[in-house]
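*Asks:* Would you mind keeping the following structure in view while I ask a few things?
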Number of protein chains: 2
Amino acid sequence: MATENKYTSILLAAKTLFWKYGFKRVNIEDICKQASCSKGTFYKYFPNKLELAKRVFDYVVTDSMQSLQQILQSNTQAHDKLTRMLELKLNGVHDISQEFLADFYNNPDVGIKTYIEQRTAVLSAEIMQSFVEAQQQGVFRKDLNIPFFFYISQQLSAYMHDPVVLSFFDSPEKMIMELATLLVHGIEPDTKQL
Amino acid sequence: MATENKYTSILLAAKTLFWKYGFKRVNIEDICKQASCSKGTFYKYFPNKLELAKRVFDYVVTDSMQSLQQILQSNTQAHDKLTRMLELKLNGVHDISQEFLADFYNNPDVGIKTYIEQRTAVLSAEIMQSFVEAQQQGVFRKDLNIPFFFYISQQLSAYMHDPVVLSFFDSPEKMIMELATLLVHGIEPDTKQL
DNA sequence: TTATTTTTATACGTTTTTCGTATATTTGTA
DNA sequence: TACAAATATACGAAAAACGTATAAAAATAA
């Protein structure tokens, strides 16, 4: 209970700092300070910073994956699903600090490169599967090219932080709405029927 | 010419990195990389990181001060001036990375604390003087308490990054407009006349 | 071109920071 | 009171950053 909380608070503290400053700019004592724990407690739960980063990475990936599943399986319109998906990327996996990924990825540790590649591959496969299942349930039109759509929506969501793009809208939320509306006209089963 | 450009590019690179990560998280080679120069060139123009930070601090302060002067002396309504002033703080001095200031300020270097205090005192005096002059030119009502108003507007602008406050508005820009409008009703010479 | 200056790349010894471990003390809890 | 968990702190070892020096490369001027 209490240990679970300590563990989680370290995980969350690390996530916050890694997202903000990247991997190599953050040291263990920064994390301890943020998590309000001592160094001893940290090393009780995590062997080192790299392992911590792996678990943070896993945590975020798993968390985002669950959120995505929930969205896809929720009983709402495609438009609403899409809106929430785009919002999810804004705060989730896709928004992983570039520095964090770069630092993490460029680590001389031999295993880390393949680790991320495998983990990412599994995640992509799972996401794709979720889309396929949602498609089978009639969320998207039957002949929609899922991988293509997934790629396009990812590319578009990258623009969400672009100041120039954002300047076209009153708020990021409105941009997301616009984007969702735009995409839905191509994927909504009610509008486009075979 | 070229030396001026190199010097400036280092200054701007340092500003960017300090704003993003704070003082102590950034090292010389990060700055060199960002400024596309070698370590040798860096040490040609700057004796060390602390002196660099001082000059960055000076640069930003001077730059913001000039912008403020321009705004106060521009031929526009008080409302417009105020809007632009609040926007200025959003991107300028007031928005100096908290980490940067904290790191910078907490530096064990003996001189740094008094340095910032003096520099800030001078800046405050100059800003106050600018306000007084603007008041004499009829920008604000004659009996407005300038120091009080300055303090209040600074306090309010601190809220501009508060997510909760921002949630009341569609965009930060709208919040600034609201805030300016709110304040103007108390300071606009046309509305409130003796 | 040649001479001069500027910049780069890199190696280096020194200092500082960070790592990970260990231990005594304090805190919270059956 | 006993026991487990967390803290604070000290420590040596490893890594990173500092600041200097120098030779090669690039840019600039005569």
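Ligands are numbered from 1 in the order shown, chains are lettered A, B, ... in the order of the structure tokens, and residues start at 1 in each chain.
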Could you work out which residues of chain B fall inside 10 Å of chain D? Count only C-alpha atoms (C1' of nucleotides), and format the result as an NGL selection string.
*Replies:* :B and (27-29 or 39-40 or 43 or 47-49)
*Asks:* Hey, list the chain B side of the contact with chain C: 12 Å cut-off, only C-alpha atoms (C1' of nucleotides), answer as a PyMOL selection string.
*Replies:* chain B and resi 2-3+6+24-25+32+36-42+44
*Asks:* Restricting it to N, CA and C atoms, dump the selection as a PDB file, in the first residue's frame.
*Replies:*
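Contents of selection_31.pdb, as written:
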```
ATOM      1  N   ALA B   2      31.669  39.611 -37.761  1.00  0.00           N
ATOM      2  CA  ALA B   2      31.529  38.166 -37.562  1.00  0.00           C
ATOM      3  C   ALA B   2      31.675  37.816 -36.085  1.00  0.00           C
ATOM      4  N   THR B   3      32.595  38.568 -35.418  1.00  0.00           N
ATOM      5  CA  THR B   3      32.793  38.299 -33.994  1.00  0.00           C
ATOM      6  C   THR B   3      31.534  38.697 -33.225  1.00  0.00           C
ATOM      7  N   LYS B   6      29.076  35.958 -33.682  1.00  0.00           N
ATOM      8  CA  LYS B   6      29.408  34.783 -32.884  1.00  0.00           C
ATOM      9  C   LYS B   6      29.030  35.031 -31.419  1.00  0.00           C
ATOM     10  N   LYS B  24      21.833  25.378 -14.019  1.00  0.00           N
ATOM     11  CA  LYS B  24      22.800  24.335 -13.698  1.00  0.00           C
ATOM     12  C   LYS B  24      22.662  23.095 -14.579  1.00  0.00           C
ATOM     13  N   ARG B  25      21.506  22.915 -15.204  1.00  0.00           N
ATOM     14  CA  ARG B  25      21.319  21.744 -16.068  1.00  0.00           C
ATOM     15  C   ARG B  25      21.991  21.898 -17.420  1.00  0.00           C
ATOM     16  N   CYS B  32      27.682  25.524 -26.742  1.00  0.00           N
ATOM     17  CA  CYS B  32      28.490  25.560 -27.969  1.00  0.00           C
ATOM     18  C   CYS B  32      27.769  24.843 -29.109  1.00  0.00           C
ATOM     19  N   SER B  36      26.499  26.515 -32.452  1.00  0.00           N
ATOM     20  CA  SER B  36      27.361  26.058 -33.543  1.00  0.00           C
ATOM     21  C   SER B  36      28.751  26.699 -33.478  1.00  0.00           C
ATOM     22  N   CYS B  37      29.366  26.573 -32.339  1.00  0.00           N
ATOM     23  CA  CYS B  37      30.739  27.050 -32.235  1.00  0.00           C
ATOM     24  C   CYS B  37      31.540  26.074 -31.384  1.00  0.00           C
ATOM     25  N   SER B  38      32.837  26.265 -31.353  1.00  0.00           N
ATOM     26  CA  SER B  38      33.671  25.357 -30.569  1.00  0.00           C
ATOM     27  C   SER B  38      33.886  25.940 -29.174  1.00  0.00           C
ATOM     28  N   LYS B  39      34.405  25.072 -28.329  1.00  0.00           N
ATOM     29  CA  LYS B  39      34.654  25.480 -26.957  1.00  0.00           C
ATOM     30  C   LYS B  39      35.640  26.647 -26.906  1.00  0.00           C
ATOM     31  N   GLY B  40      36.647  26.565 -27.772  1.00  0.00           N
ATOM     32  CA  GLY B  40      37.647  27.625 -27.821  1.00  0.00           C
ATOM     33  C   GLY B  40      37.032  28.985 -28.085  1.00  0.00           C
ATOM     34  N   THR B  41      36.105  29.023 -29.026  1.00  0.00           N
ATOM     35  CA  THR B  41      35.440  30.287 -29.348  1.00  0.00           C
ATOM     36  C   THR B  41      34.637  30.800 -28.164  1.00  0.00           C
ATOM     37  N   PHE B  42      33.979  29.880 -27.496  1.00  0.00           N
ATOM     38  CA  PHE B  42      33.211  30.292 -26.322  1.00  0.00           C
ATOM     39  C   PHE B  42      34.098  31.004 -25.314  1.00  0.00           C
ATOM     40  N   LYS B  44      36.775  32.392 -25.743  1.00  0.00           N
ATOM     41  CA  LYS B  44      37.338  33.622 -26.264  1.00  0.00           C
ATOM     42  C   LYS B  44      36.480  34.814 -25.825  1.00  0.00           C
TER      43      LYS B  44
END
```
*Asks:* Looking at A:Tyr105, A:Tyr45, A:Tyr21, A:Phe57, which one is nearest to chain B, with distances taken over only C-alpha atoms?
*Replies:*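 Checking each of A:Tyr105, A:Tyr45, A:Tyr21, A:Phe57 against chain B, counting only C-alpha atoms, the winner is A:Tyr21.
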*Asks:* Of the residues B:Gln118, B:Thr83, B:Trp19, B:Gln69, which is the one nearest to chain A, using only C-alpha atoms?
*Replies:*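 Closest residue, counting only C-alpha atoms: B:Trp19.
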*Asks:* Just give me the gap between CA of Gln66 (chain B) and CA of Met85 (chain B) in Å, one decimal is fine.
*Replies:*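 That distance, rounded to one decimal, is 11.8 Å.
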